[in-house]
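K.L.:
What follows is a structure written as structure tokens; I'll ask about it next.
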Amino acid sequence: MTTRRSIRIILLLVTFVLLTAGIAQAQEPPIMPEPPRWVPGVWTDPEWLTVDFHRVRAVINDQLATTSIDLQFTNTGEGLAEGTFVFPLPDNAAVDRLTMIIDGEAYDAKILSATEARQIYDEIVRQYRDPALLEYVGMQAIQANVFPIPPGETRRIQIDYSQLLPVDNGLIKYLYPLTTTRFVEQLSLSVEVTGQTPIGTVYSPSHQIAISRESDTSFRAGFEMTDAVAENDFTLYYGVDATEISVSLLTYKESAAADGFFLLLVQPPLRVDADAIQPKDIVLVIDQSGSMQGEKWTQAQAAARYVLENLNPEDRFNVVVFSTGVRTYANGLQSEEMASDAAAWIDSLYAEGGTDINAGLLTALDMVQERPTTILFMTDGVPTEGITEVDSILANAAEAAKPNARIFSFGVGDDVNTLLLDAIVRDFKGAGTYVRPTMRIDESMASLYNKISAPVLSDVSIDFGGVQTEVQYPAEIVDLFAGEQIAIVGRYRQGQEHVAISLSGAVRGEPTTFVYDDLSFRENAGGDAFIARLWAQRRIADLLNTIRLNGENSELVDSVVSLSMRYGIITPYTSFLIEEDDILTQRGRQQAVEEAEAAMESFADVTGAGAVNRAADLGGMSAAQAPAPMQTQPASMPGEDGLDQDAVSATGATPTR
């Protein structure tokens, strides 16, 4: 809390400097929770200002972006204050409207040149030693002064500015300066994009955004926060020309002599013609045990109905329900025309008996034929019938499985065996979802099925064109689905220009290769620093999952601590790092390792709310699309300030058969 409440001037891209007015000198000084910072001639305390709301709306038509800002702040101090408002403008931005509303009246402001703004920023940095301001030095800015601001009163600021966003090798970047250390009661940012060219990749490395695809040529994205701190500027990338599978590449190197980091974004088209969708087989495996009775069973029936109602015309399916024994809808895979009959059969069933997970899985795996097969496996408990040992269940499944089968698990509630479910999705190249008691099974199933319902490329492999890559996540891609972007992050040895990356697989069973020419892995230092942290985040998740599934190993624990220290990534198992004052010393490091090892002992619990929380957290880290916010500052990294546009490459491709 001390860090967040430290006296810093930058306030949500807006800089406010509070100066006490002369008439306030006769009053008793307010009692502040922290010692004030003194400036010659005035008494300054930016903590007096609170932000009631900060709303941002960006509308981008083709490459022209118009940003509208609506911000309100309140003086919570005990004396009159003056507010100096400094707003850093993005490059090539033109201010269309600036309104400062005070009791219904508009106040004038002026635009500062980059040179004038630099002088102001330098003065603020000298007075307050605020490194967060350094990134804005050299940018043009808006400045306005407001006096007086009586105690308890509010001031509202509204700004519109426009800018032309450049296209760099098929990627368009929108940035909104947002860094702050101050709490905001309500912060919201939305971006609406329309254009004439199909849009492919949509990606934010700074924030977890919600994306709504309006059409092939438009989308909406945004996020909201309450009583929170925006610790990063908002950055959004989106790619154009996605009539085929598109690829975008971003790279980063801490120094020329170090290995580099890369992020490869693979984006299939949002929608494809029915004849381009790979026919698939779906097997629903549903826990029908007595513990599912009631609302859980009703939701499970609704989830199965949703899948069956949304099969593609050439898909095949079957349904397996298990409890004390196994029941199947049919003796073999059925055509899509039988889906409504299968849904009616499921609706006629009720929950009863024990939990024979082994029999349910083996029955489903025995149905796999030549097509890509997706098994949707749902359970709310641990094995209680038939074979109950986790190792035996996994061994039996591995022996029965064919390479074209993928298993997606749904662990319902807190009584599931997380070790078993996570090992299943690991071994069968699927994904795991934990449906908590407050969540709905049918909504979770629908969310996943919508992502995997339209495969456009199966048995995927990637050739990086002679560039040596390593330790990448995910380690391999099995299928590409329409509209489902995949982010591959990894490390590379030597930089290289004019690289051709090949994406190979099968389209409706026919071998196909997409080639993406003239991509670059940078050789010199610089680029997009967030890539290194995203890689470290996924690497930590992989190490922790290995410990959880295979047992504790001191070398793995030490690696987790090292990565946490190096990149400031806090996990539920290394939260002590944010409290360790001398974490960079040998003594601090040893203490960190010891505390981490103690925390890892809780991995022995494979059921219960704590185990489900850990499994869900690690699953989120493993599939993270953006790096977690920096929680510590263990060491500065060369080239970490700012993003280098030269490191961004993207292109379309022409398929070859």
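Identifiers in the structure tokens: chain A, B, ... in order shown; residue index from 1 per chain; ligand index from 1 in order shown.
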Could you pull out the alpha helix (DSSP H) residues of range 314-505 of chain A from DSSP and send them as a VMD selection string?

P.N.:
chain A and resid 339 to 347 357 to 365 390 to 400 418 to 427 441 to 452

K.L.:
Could you take the residues named above and write them with N, CA and C atoms, as a short mmCIF file (atom, residue, chain, number, x, y, z; two decimals), in the first residue's frame?

P.N.:
data_model
loop_
_atom_site.label_atom_id
_atom_site.label_comp_id
_atom_site.auth_asym_id
_atom_site.auth_seq_id
_atom_site.Cartn_x
_atom_site.Cartn_y
_atom_site.Cartn_z
N ALA A 339 -28.90 -35.97 -33.77
CA ALA A 339 -28.55 -35.20 -32.58
C ALA A 339 -29.76 -34.90 -31.71
N SER A 340 -30.88 -34.54 -32.31
CA SER A 340 -32.06 -34.21 -31.50
C SER A 340 -32.57 -35.43 -30.74
N ASP A 341 -32.48 -36.60 -31.34
CA ASP A 341 -32.90 -37.82 -30.66
C ASP A 341 -31.98 -38.11 -29.47
N ALA A 342 -30.67 -37.87 -29.65
CA ALA A 342 -29.72 -38.08 -28.55
C ALA A 342 -29.98 -37.10 -27.41
N ALA A 343 -30.31 -35.85 -27.74
CA ALA A 343 -30.61 -34.86 -26.70
C ALA A 343 -31.83 -35.28 -25.89
N ALA A 344 -32.84 -35.82 -26.57
CA ALA A 344 -34.03 -36.28 -25.86
C ALA A 344 -33.69 -37.45 -24.93
N TRP A 345 -32.80 -38.33 -25.37
CA TRP A 345 -32.38 -39.45 -24.52
C TRP A 345 -31.67 -38.95 -23.27
N ILE A 346 -30.79 -37.98 -23.42
CA ILE A 346 -30.07 -37.43 -22.26
C ILE A 346 -31.05 -36.79 -21.29
N ASP A 347 -32.06 -36.08 -21.82
CA ASP A 347 -33.04 -35.43 -20.95
C ASP A 347 -33.85 -36.43 -20.14
N ILE A 357 -14.75 -43.44 -13.65
CA ILE A 357 -14.09 -42.61 -14.64
C ILE A 357 -13.32 -43.45 -15.64
N ASN A 358 -12.66 -44.48 -15.19
CA ASN A 358 -11.85 -45.32 -16.09
C ASN A 358 -12.71 -45.92 -17.19
N ALA A 359 -13.87 -46.48 -16.84
CA ALA A 359 -14.73 -47.10 -17.84
C ALA A 359 -15.29 -46.06 -18.80
N GLY A 360 -15.65 -44.88 -18.29
CA GLY A 360 -16.17 -43.84 -19.15
C GLY A 360 -15.16 -43.38 -20.19
N LEU A 361 -13.92 -43.18 -19.77
CA LEU A 361 -12.87 -42.74 -20.69
C LEU A 361 -12.56 -43.81 -21.73
N LEU A 362 -12.40 -45.05 -21.29
CA LEU A 362 -12.05 -46.12 -22.23
C LEU A 362 -13.15 -46.34 -23.26
N THR A 363 -14.40 -46.22 -22.83
CA THR A 363 -15.51 -46.37 -23.78
C THR A 363 -15.46 -45.30 -24.86
N ALA A 364 -15.17 -44.06 -24.45
CA ALA A 364 -15.08 -42.96 -25.42
C ALA A 364 -13.89 -43.14 -26.35
N LEU A 365 -12.73 -43.51 -25.81
CA LEU A 365 -11.53 -43.67 -26.63
C LEU A 365 -11.69 -44.80 -27.64
N VAL A 390 -5.13 -43.25 -9.88
CA VAL A 390 -4.90 -42.27 -10.93
C VAL A 390 -3.90 -42.79 -11.97
N ASP A 391 -2.78 -43.35 -11.52
CA ASP A 391 -1.76 -43.83 -12.45
C ASP A 391 -2.30 -44.93 -13.36
N SER A 392 -3.14 -45.80 -12.82
CA SER A 392 -3.71 -46.88 -13.63
C SER A 392 -4.69 -46.33 -14.66
N ILE A 393 -5.49 -45.35 -14.28
CA ILE A 393 -6.44 -44.75 -15.22
C ILE A 393 -5.68 -44.08 -16.37
N LEU A 394 -4.61 -43.34 -16.05
CA LEU A 394 -3.83 -42.67 -17.08
C LEU A 394 -3.15 -43.68 -18.00
N ALA A 395 -2.62 -44.75 -17.42
CA ALA A 395 -1.94 -45.76 -18.23
C ALA A 395 -2.93 -46.46 -19.15
N ASN A 396 -4.11 -46.76 -18.65
CA ASN A 396 -5.11 -47.42 -19.49
C ASN A 396 -5.55 -46.51 -20.64
N ALA A 397 -5.73 -45.24 -20.34
CA ALA A 397 -6.14 -44.30 -21.39
C ALA A 397 -5.05 -44.15 -22.44
N ALA A 398 -3.80 -44.07 -22.01
CA ALA A 398 -2.68 -43.93 -22.96
C ALA A 398 -2.59 -45.13 -23.88
N GLU A 399 -2.84 -46.32 -23.34
CA GLU A 399 -2.76 -47.53 -24.15
C GLU A 399 -3.89 -47.60 -25.16
N ALA A 400 -5.07 -47.07 -24.80
CA ALA A 400 -6.24 -47.18 -25.67
C ALA A 400 -6.33 -46.05 -26.69
N THR A 418 -7.92 -32.90 -9.26
CA THR A 418 -7.26 -32.00 -10.20
C THR A 418 -6.04 -32.64 -10.85
N LEU A 419 -5.35 -33.51 -10.11
CA LEU A 419 -4.18 -34.18 -10.66
C LEU A 419 -4.57 -35.06 -11.85
N LEU A 420 -5.66 -35.79 -11.70
CA LEU A 420 -6.13 -36.66 -12.77
C LEU A 420 -6.58 -35.84 -13.99
N LEU A 421 -7.40 -34.83 -13.78
CA LEU A 421 -7.93 -34.06 -14.90
C LEU A 421 -6.83 -33.31 -15.65
N ASP A 422 -5.90 -32.72 -14.92
CA ASP A 422 -4.83 -31.98 -15.59
C ASP A 422 -3.88 -32.91 -16.33
N ALA A 423 -3.64 -34.08 -15.78
CA ALA A 423 -2.80 -35.04 -16.48
C ALA A 423 -3.48 -35.53 -17.76
N ILE A 424 -4.79 -35.70 -17.73
CA ILE A 424 -5.52 -36.15 -18.92
C ILE A 424 -5.39 -35.13 -20.04
N VAL A 425 -5.64 -33.84 -19.75
CA VAL A 425 -5.58 -32.83 -20.82
C VAL A 425 -4.15 -32.61 -21.28
N ARG A 426 -3.18 -32.82 -20.37
CA ARG A 426 -1.77 -32.72 -20.78
C ARG A 426 -1.41 -33.83 -21.76
N ASP A 427 -1.81 -35.05 -21.43
CA ASP A 427 -1.44 -36.20 -22.26
C ASP A 427 -2.22 -36.25 -23.57
N ILE A 441 -22.43 -24.90 -15.73
CA ILE A 441 -21.79 -25.90 -16.58
C ILE A 441 -22.10 -25.63 -18.05
N ASP A 442 -23.37 -25.33 -18.35
CA ASP A 442 -23.76 -25.15 -19.74
C ASP A 442 -23.08 -23.94 -20.37
N GLU A 443 -22.89 -22.87 -19.61
CA GLU A 443 -22.21 -21.69 -20.15
C GLU A 443 -20.74 -21.98 -20.41
N SER A 444 -20.09 -22.73 -19.52
CA SER A 444 -18.69 -23.08 -19.71
C SER A 444 -18.51 -23.98 -20.93
N MET A 445 -19.42 -24.94 -21.09
CA MET A 445 -19.35 -25.85 -22.23
C MET A 445 -19.57 -25.07 -23.53
N ALA A 446 -20.55 -24.18 -23.56
CA ALA A 446 -20.83 -23.41 -24.76
C ALA A 446 -19.65 -22.54 -25.15
N SER A 447 -19.00 -21.92 -24.15
CA SER A 447 -17.85 -21.06 -24.43
C SER A 447 -16.74 -21.84 -25.10
N LEU A 448 -16.44 -23.05 -24.60
CA LEU A 448 -15.38 -23.86 -25.20
C LEU A 448 -15.81 -24.36 -26.58
N TYR A 449 -17.03 -24.87 -26.69
CA TYR A 449 -17.43 -25.48 -27.95
C TYR A 449 -17.48 -24.46 -29.08
N ASN A 450 -17.85 -23.23 -28.76
CA ASN A 450 -17.86 -22.19 -29.79
C ASN A 450 -16.47 -21.97 -30.37
N LYS A 451 -15.43 -22.19 -29.56
CA LYS A 451 -14.06 -21.99 -30.02
C LYS A 451 -13.56 -23.15 -30.89
N ILE A 452 -14.06 -24.34 -30.63
CA ILE A 452 -13.50 -25.52 -31.31
C ILE A 452 -14.47 -26.14 -32.30
#

K.L.:
For Ser504 in chain A, list every protein, DNA or RNA residue within 7 Å, evaluated using only C-alpha atoms, and leave out those in the same chain fewer than 5 positions away; present the list as a compact mmCIF listing (two decimals) with C-alpha atoms, in the first residue's frame.

P.N.:
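Everything below was put into around.txt:
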# COMPACT_ATOMS: atom_id res chain seq x y z
CA VAL A 460 -0.47 -28.49 -37.48
CA SER A 461 3.32 -28.08 -37.63
CA ILE A 462 5.45 -24.93 -37.89
CA THR A 512 -1.63 -27.97 -47.16
CA THR A 513 1.19 -25.53 -46.42
CA PHE A 514 0.91 -21.77 -45.85

K.L.:
Write out as a list in words each polymer residue whose atoms come within 7 Å of Pro383 in chain A, counting only C-alpha atoms; drop sequence neighbours fewer than 5 positions from it.

P.N.:
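The residues satisfying every condition are Thr355, Asp356, Ile357 and Thr388 of chain A.
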
K.L.:
Looking at A:Glu336, A:Glu523, A:Asp52, A:Glu309, which one is nearest to Tyr252 in chain A, with distances taken over only C-alpha atoms?

P.N.:
A:Glu523

K.L.:
Let me make sure I understand: among A:Arg533, A:Thr546, A:Asn404, A:Phe317, which one has the smallest atom-to-atom distance to Glu254 in chain A if we use only C-alpha atoms?

P.N.:
A:Arg533

K.L.:
For each of A:Ile277, A:Val507, A:Val416, A:Ala300, take the minimum atom-to-atom distance to Thr607 in chain A, counting only C-alpha atoms, then give the residue where this is smallest.

P.N.:
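Of the candidates, the smallest distance to Thr607 in chain A is held by A:Val416.
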
K.L.:
Write out as a PyMOL selection string each polymer residue whose atoms come within 10 Å of Met378 in chain A, counting only C-alpha atoms; drop sequence neighbours fewer than 6 positions from it.

P.N.:
chain A and resi 284-288+300+321+357+408-412+421+433-435+441+445

K.L.:
Just write the chosen residues, all heavy atoms, as a short mmCIF file (atom, residue, chain, number, x, y, z; two decimals), in the first residue's frame.

P.N.:
data_model
loop_
_atom_site.label_atom_id
_atom_site.label_comp_id
_atom_site.auth_asym_id
_atom_site.auth_seq_id
_atom_site.Cartn_x
_atom_site.Cartn_y
_atom_site.Cartn_z
N LEU A 284 -19.32 -36.95 -26.28
CA LEU A 284 -19.64 -36.36 -24.98
C LEU A 284 -19.57 -37.43 -23.91
O LEU A 284 -20.19 -38.49 -24.04
CB LEU A 284 -21.05 -35.77 -25.01
CG LEU A 284 -21.22 -34.42 -25.73
CD1 LEU A 284 -22.68 -34.20 -26.09
CD2 LEU A 284 -20.71 -33.30 -24.84
N VAL A 285 -18.79 -37.19 -22.87
CA VAL A 285 -18.65 -38.13 -21.76
C VAL A 285 -19.11 -37.41 -20.50
O VAL A 285 -18.46 -36.46 -20.05
CB VAL A 285 -17.19 -38.61 -21.62
CG1 VAL A 285 -17.10 -39.67 -20.53
CG2 VAL A 285 -16.67 -39.14 -22.94
N ILE A 286 -20.22 -37.87 -19.91
CA ILE A 286 -20.88 -37.12 -18.85
C ILE A 286 -20.98 -37.98 -17.59
O ILE A 286 -21.44 -39.12 -17.62
CB ILE A 286 -22.29 -36.68 -19.28
CG1 ILE A 286 -22.23 -35.93 -20.62
CG2 ILE A 286 -22.93 -35.80 -18.22
CD1 ILE A 286 -23.60 -35.64 -21.20
N ASP A 287 -20.54 -37.41 -16.48
CA ASP A 287 -20.65 -38.05 -15.17
C ASP A 287 -22.13 -38.02 -14.74
O ASP A 287 -22.72 -36.96 -14.57
CB ASP A 287 -19.78 -37.26 -14.17
CG ASP A 287 -19.71 -37.93 -12.81
OD1 ASP A 287 -20.55 -38.79 -12.52
OD2 ASP A 287 -18.82 -37.55 -12.02
N GLN A 288 -22.70 -39.23 -14.54
CA GLN A 288 -24.10 -39.36 -14.16
C GLN A 288 -24.25 -39.84 -12.72
O GLN A 288 -25.33 -40.26 -12.30
CB GLN A 288 -24.79 -40.36 -15.12
CG GLN A 288 -26.30 -40.40 -15.05
CD GLN A 288 -26.88 -41.61 -15.75
OE1 GLN A 288 -26.15 -42.45 -16.28
NE2 GLN A 288 -28.20 -41.74 -15.74
N ALA A 300 -25.83 -29.96 -16.81
CA ALA A 300 -25.08 -30.89 -17.67
C ALA A 300 -25.92 -31.31 -18.86
O ALA A 300 -25.43 -31.43 -20.00
CB ALA A 300 -24.65 -32.11 -16.86
N VAL A 321 -22.47 -41.83 -20.90
CA VAL A 321 -22.73 -41.41 -19.52
C VAL A 321 -22.21 -42.52 -18.61
O VAL A 321 -22.36 -43.70 -18.90
CB VAL A 321 -24.23 -41.12 -19.26
CG1 VAL A 321 -24.69 -39.92 -20.07
CG2 VAL A 321 -25.08 -42.34 -19.58
N ILE A 357 -14.75 -43.44 -13.65
CA ILE A 357 -14.09 -42.61 -14.64
C ILE A 357 -13.32 -43.45 -15.64
O ILE A 357 -13.34 -43.18 -16.86
CB ILE A 357 -13.16 -41.59 -13.94
CG1 ILE A 357 -14.00 -40.53 -13.23
CG2 ILE A 357 -12.20 -40.94 -14.94
CD1 ILE A 357 -13.19 -39.51 -12.47
N PHE A 408 -10.91 -32.65 -23.73
CA PHE A 408 -11.15 -31.41 -23.00
C PHE A 408 -11.94 -31.75 -21.75
O PHE A 408 -13.02 -32.37 -21.84
CB PHE A 408 -11.92 -30.40 -23.86
CG PHE A 408 -11.16 -29.93 -25.06
CD1 PHE A 408 -11.10 -30.70 -26.22
CD2 PHE A 408 -10.49 -28.71 -25.05
CE1 PHE A 408 -10.40 -30.26 -27.33
CE2 PHE A 408 -9.79 -28.26 -26.15
CZ PHE A 408 -9.74 -29.04 -27.29
N SER A 409 -11.44 -31.39 -20.59
CA SER A 409 -12.08 -31.78 -19.34
C SER A 409 -12.84 -30.61 -18.71
O SER A 409 -12.46 -29.45 -18.86
CB SER A 409 -11.05 -32.31 -18.34
OG SER A 409 -10.24 -31.26 -17.85
N PHE A 410 -13.92 -30.95 -18.00
CA PHE A 410 -14.70 -29.99 -17.23
C PHE A 410 -14.81 -30.55 -15.81
O PHE A 410 -15.54 -31.51 -15.57
CB PHE A 410 -16.09 -29.80 -17.83
CG PHE A 410 -16.08 -29.15 -19.18
CD1 PHE A 410 -15.82 -29.88 -20.32
CD2 PHE A 410 -16.29 -27.79 -19.30
CE1 PHE A 410 -15.80 -29.29 -21.57
CE2 PHE A 410 -16.26 -27.18 -20.55
CZ PHE A 410 -16.00 -27.93 -21.68
N GLY A 411 -14.07 -29.96 -14.89
CA GLY A 411 -14.15 -30.36 -13.49
C GLY A 411 -15.20 -29.53 -12.79
O GLY A 411 -15.06 -28.31 -12.66
N VAL A 412 -16.27 -30.16 -12.35
CA VAL A 412 -17.42 -29.45 -11.80
C VAL A 412 -17.34 -29.45 -10.28
O VAL A 412 -17.32 -30.52 -9.65
CB VAL A 412 -18.74 -30.10 -12.27
CG1 VAL A 412 -19.94 -29.32 -11.72
CG2 VAL A 412 -18.79 -30.16 -13.79
N LEU A 421 -7.40 -34.83 -13.78
CA LEU A 421 -7.93 -34.06 -14.90
C LEU A 421 -6.83 -33.31 -15.65
O LEU A 421 -6.81 -33.28 -16.89
CB LEU A 421 -8.99 -33.07 -14.40
CG LEU A 421 -10.27 -33.68 -13.82
CD1 LEU A 421 -11.28 -32.59 -13.48
CD2 LEU A 421 -10.90 -34.68 -14.77
N THR A 433 -11.04 -27.07 -17.94
CA THR A 433 -11.88 -26.00 -17.41
C THR A 433 -12.42 -26.44 -16.06
O THR A 433 -12.91 -27.56 -15.92
CB THR A 433 -13.06 -25.69 -18.36
OG1 THR A 433 -12.55 -25.27 -19.62
CG2 THR A 433 -13.95 -24.60 -17.78
N TYR A 434 -12.32 -25.54 -15.08
CA TYR A 434 -12.87 -25.84 -13.76
C TYR A 434 -14.12 -24.99 -13.55
O TYR A 434 -14.05 -23.75 -13.55
CB TYR A 434 -11.83 -25.60 -12.67
CG TYR A 434 -10.76 -26.66 -12.68
CD1 TYR A 434 -9.57 -26.49 -13.38
CD2 TYR A 434 -10.98 -27.88 -12.04
CE1 TYR A 434 -8.61 -27.48 -13.42
CE2 TYR A 434 -10.02 -28.89 -12.08
CZ TYR A 434 -8.84 -28.68 -12.77
OH TYR A 434 -7.89 -29.68 -12.82
N VAL A 435 -15.25 -25.67 -13.41
CA VAL A 435 -16.53 -25.00 -13.26
C VAL A 435 -16.80 -24.88 -11.76
O VAL A 435 -17.19 -25.86 -11.11
CB VAL A 435 -17.65 -25.79 -13.96
CG1 VAL A 435 -18.96 -25.01 -13.90
CG2 VAL A 435 -17.27 -26.09 -15.41
N ILE A 441 -22.43 -24.90 -15.73
CA ILE A 441 -21.79 -25.90 -16.58
C ILE A 441 -22.10 -25.63 -18.05
O ILE A 441 -21.22 -25.68 -18.91
CB ILE A 441 -22.26 -27.31 -16.20
CG1 ILE A 441 -21.98 -27.60 -14.72
CG2 ILE A 441 -21.59 -28.36 -17.08
CD1 ILE A 441 -22.62 -28.89 -14.23
N MET A 445 -19.42 -24.94 -21.09
CA MET A 445 -19.35 -25.85 -22.23
C MET A 445 -19.57 -25.07 -23.53
O MET A 445 -18.85 -25.28 -24.53
CB MET A 445 -20.40 -26.94 -22.09
CG MET A 445 -20.47 -27.92 -23.27
SD MET A 445 -19.05 -29.02 -23.35
CE MET A 445 -19.52 -30.23 -22.09
#

K.L.:
By how many Å are CA of Asn232 in chain A and CA of Gln63 in chain A apart?

P.N.:
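Pair CA of Asn232 in chain A / CA of Gln63 in chain A returns 23.5 Å.
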
K.L.:
Quick one, how far is CA of Ala475 in chain A from CA of Ala532 in chain A?

P.N.:
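Distance between the two atoms: 16.6 Å.
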
K.L.:
Find the spatial neighbours of range 477-492 of chain A, counting only C-alpha atoms, within a cut-off of 6 Å - ignore same-chain residues fewer than 4 positions away - and output them as a PyMOL selection string.

P.N.:
chain A and resi 259-271+452+454-460+468-473+535

K.L.:
Write the residues of the preceding selection, restricted to N, CA, C and O atoms, as a compact mmCIF listing (two decimals), in the first residue's frame.

P.N.:
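Result file part.txt:
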# COMPACT_ATOMS: atom_id res chain seq x y z
N ASP A 259 20.10 -14.28 -26.12
CA ASP A 259 19.05 -14.93 -26.89
C ASP A 259 17.83 -14.01 -26.95
O ASP A 259 17.61 -13.19 -26.06
N GLY A 260 17.02 -14.16 -27.99
CA GLY A 260 15.85 -13.32 -28.16
C GLY A 260 14.57 -14.04 -27.75
O GLY A 260 14.55 -15.24 -27.50
N PHE A 261 13.51 -13.26 -27.68
CA PHE A 261 12.17 -13.78 -27.40
C PHE A 261 11.28 -13.44 -28.59
O PHE A 261 11.41 -12.39 -29.21
N PHE A 262 10.35 -14.35 -28.92
CA PHE A 262 9.44 -14.08 -30.01
C PHE A 262 8.01 -14.39 -29.60
O PHE A 262 7.75 -15.20 -28.71
N LEU A 263 7.08 -13.70 -30.25
CA LEU A 263 5.65 -13.97 -30.09
C LEU A 263 5.06 -14.09 -31.48
O LEU A 263 5.10 -13.15 -32.27
N LEU A 264 4.55 -15.27 -31.79
CA LEU A 264 3.94 -15.54 -33.09
C LEU A 264 2.44 -15.66 -32.89
O LEU A 264 1.97 -16.53 -32.17
N LEU A 265 1.68 -14.75 -33.51
CA LEU A 265 0.23 -14.76 -33.43
C LEU A 265 -0.33 -15.39 -34.70
O LEU A 265 -0.09 -14.89 -35.80
N VAL A 266 -1.04 -16.50 -34.55
CA VAL A 266 -1.63 -17.22 -35.67
C VAL A 266 -3.14 -17.01 -35.63
O VAL A 266 -3.79 -17.36 -34.64
N GLN A 267 -3.69 -16.42 -36.68
CA GLN A 267 -5.11 -16.06 -36.70
C GLN A 267 -5.80 -16.65 -37.92
O GLN A 267 -5.61 -16.17 -39.04
N PRO A 268 -6.63 -17.69 -37.74
CA PRO A 268 -7.47 -18.15 -38.85
C PRO A 268 -8.56 -17.12 -39.14
O PRO A 268 -8.82 -16.23 -38.32
N PRO A 269 -9.20 -17.21 -40.29
CA PRO A 269 -10.31 -16.30 -40.57
C PRO A 269 -11.40 -16.40 -39.51
O PRO A 269 -11.56 -17.44 -38.86
N LEU A 270 -12.14 -15.30 -39.34
CA LEU A 270 -13.21 -15.29 -38.35
C LEU A 270 -14.28 -16.32 -38.68
O LEU A 270 -14.76 -17.05 -37.82
N ARG A 271 -14.65 -16.38 -39.94
CA ARG A 271 -15.62 -17.36 -40.42
C ARG A 271 -15.13 -17.94 -41.74
O ARG A 271 -14.48 -17.24 -42.52
N ILE A 452 -14.06 -24.34 -30.63
CA ILE A 452 -13.50 -25.52 -31.31
C ILE A 452 -14.47 -26.14 -32.30
O ILE A 452 -14.21 -27.22 -32.82
N ALA A 454 -15.32 -25.22 -35.34
CA ALA A 454 -15.04 -25.13 -36.78
C ALA A 454 -13.55 -25.26 -37.04
O ALA A 454 -12.85 -24.27 -37.27
N PRO A 455 -13.00 -26.49 -37.05
CA PRO A 455 -11.57 -26.66 -37.36
C PRO A 455 -11.29 -26.38 -38.83
O PRO A 455 -12.03 -26.83 -39.71
N VAL A 456 -10.22 -25.60 -39.09
CA VAL A 456 -9.86 -25.28 -40.48
C VAL A 456 -8.52 -25.88 -40.87
O VAL A 456 -8.21 -25.98 -42.05
N LEU A 457 -7.71 -26.28 -39.89
CA LEU A 457 -6.42 -26.91 -40.18
C LEU A 457 -6.10 -27.87 -39.05
O LEU A 457 -6.13 -27.49 -37.88
N SER A 458 -5.82 -29.12 -39.37
CA SER A 458 -5.52 -30.13 -38.35
C SER A 458 -4.10 -30.64 -38.51
O SER A 458 -3.46 -30.44 -39.55
N ASP A 459 -3.60 -31.30 -37.46
CA ASP A 459 -2.24 -31.85 -37.46
C ASP A 459 -1.22 -30.78 -37.83
O ASP A 459 -0.40 -30.94 -38.75
N VAL A 460 -1.25 -29.68 -37.12
CA VAL A 460 -0.47 -28.49 -37.48
C VAL A 460 0.99 -28.67 -37.08
O VAL A 460 1.32 -29.20 -36.02
N GLN A 468 16.69 -20.97 -35.08
CA GLN A 468 16.66 -21.96 -34.00
C GLN A 468 15.81 -21.43 -32.86
O GLN A 468 16.16 -20.47 -32.19
N THR A 469 14.66 -22.06 -32.64
CA THR A 469 13.76 -21.68 -31.55
C THR A 469 13.77 -22.77 -30.48
O THR A 469 14.09 -23.93 -30.75
N GLU A 470 13.41 -22.38 -29.26
CA GLU A 470 13.41 -23.34 -28.16
C GLU A 470 12.49 -22.87 -27.05
O GLU A 470 12.12 -21.70 -26.97
N VAL A 471 12.14 -23.80 -26.17
CA VAL A 471 11.32 -23.56 -24.98
C VAL A 471 10.12 -22.68 -25.35
O VAL A 471 9.95 -21.58 -24.83
N GLN A 472 9.29 -23.16 -26.26
CA GLN A 472 8.15 -22.38 -26.70
C GLN A 472 6.86 -22.94 -26.10
O GLN A 472 6.75 -24.13 -25.80
N TYR A 473 5.88 -22.04 -25.94
CA TYR A 473 4.58 -22.41 -25.36
C TYR A 473 3.47 -21.82 -26.22
O TYR A 473 3.51 -20.63 -26.54
N TRP A 535 6.67 -14.84 -21.88
CA TRP A 535 7.35 -16.14 -21.93
C TRP A 535 7.64 -16.64 -20.53
O TRP A 535 7.40 -17.82 -20.21

K.L.:
I need the strand (DSSP E or B) residues of range 246-279 of chain A per DSSP on the backbone, written as a list in words.

P.N.:
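Reading the DSSP output for range 246-279 of chain A, strand (DSSP E or B) covers Ser246, Val247, Ser248, Leu249, Leu250, Thr251, Tyr252, Lys253, Gly260, Phe261, Phe262, Leu263, Leu264, Leu265, Val266 and Gln267 of chain A.
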
K.L.:
Measuring atom to atom with only C-alpha atoms, identify which of A:Asn61, A:Ile172, A:Ile540, A:Phe219 is nearest to Ser559 in chain A.

P.N.:
A:Ile540

K.L.:
Pick the closest to Glu185 in chain A from A:Ala401, A:Ile157, A:Val51, A:Ala529: which is it, counting only C-alpha atoms?

P.N.:
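Answer, going by the shortest atom-to-atom distance: A:Val51.
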
K.L.:
Select, from A:Arg406, A:Lys253, A:Lys280, A:His54, the residue with the minimum atom-to-atom distance to Gly509 in chain A, counting only C-alpha atoms.

P.N.:
A:Lys280

K.L.:
For CA of Asp160 in chain A and CA of Glu105 in chain A, quote the distance in Å rounded to one decimal.

P.N.:
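Atom-to-atom, CA of Asp160 in chain A to CA of Glu105 in chain A, that is 17.7 Å.
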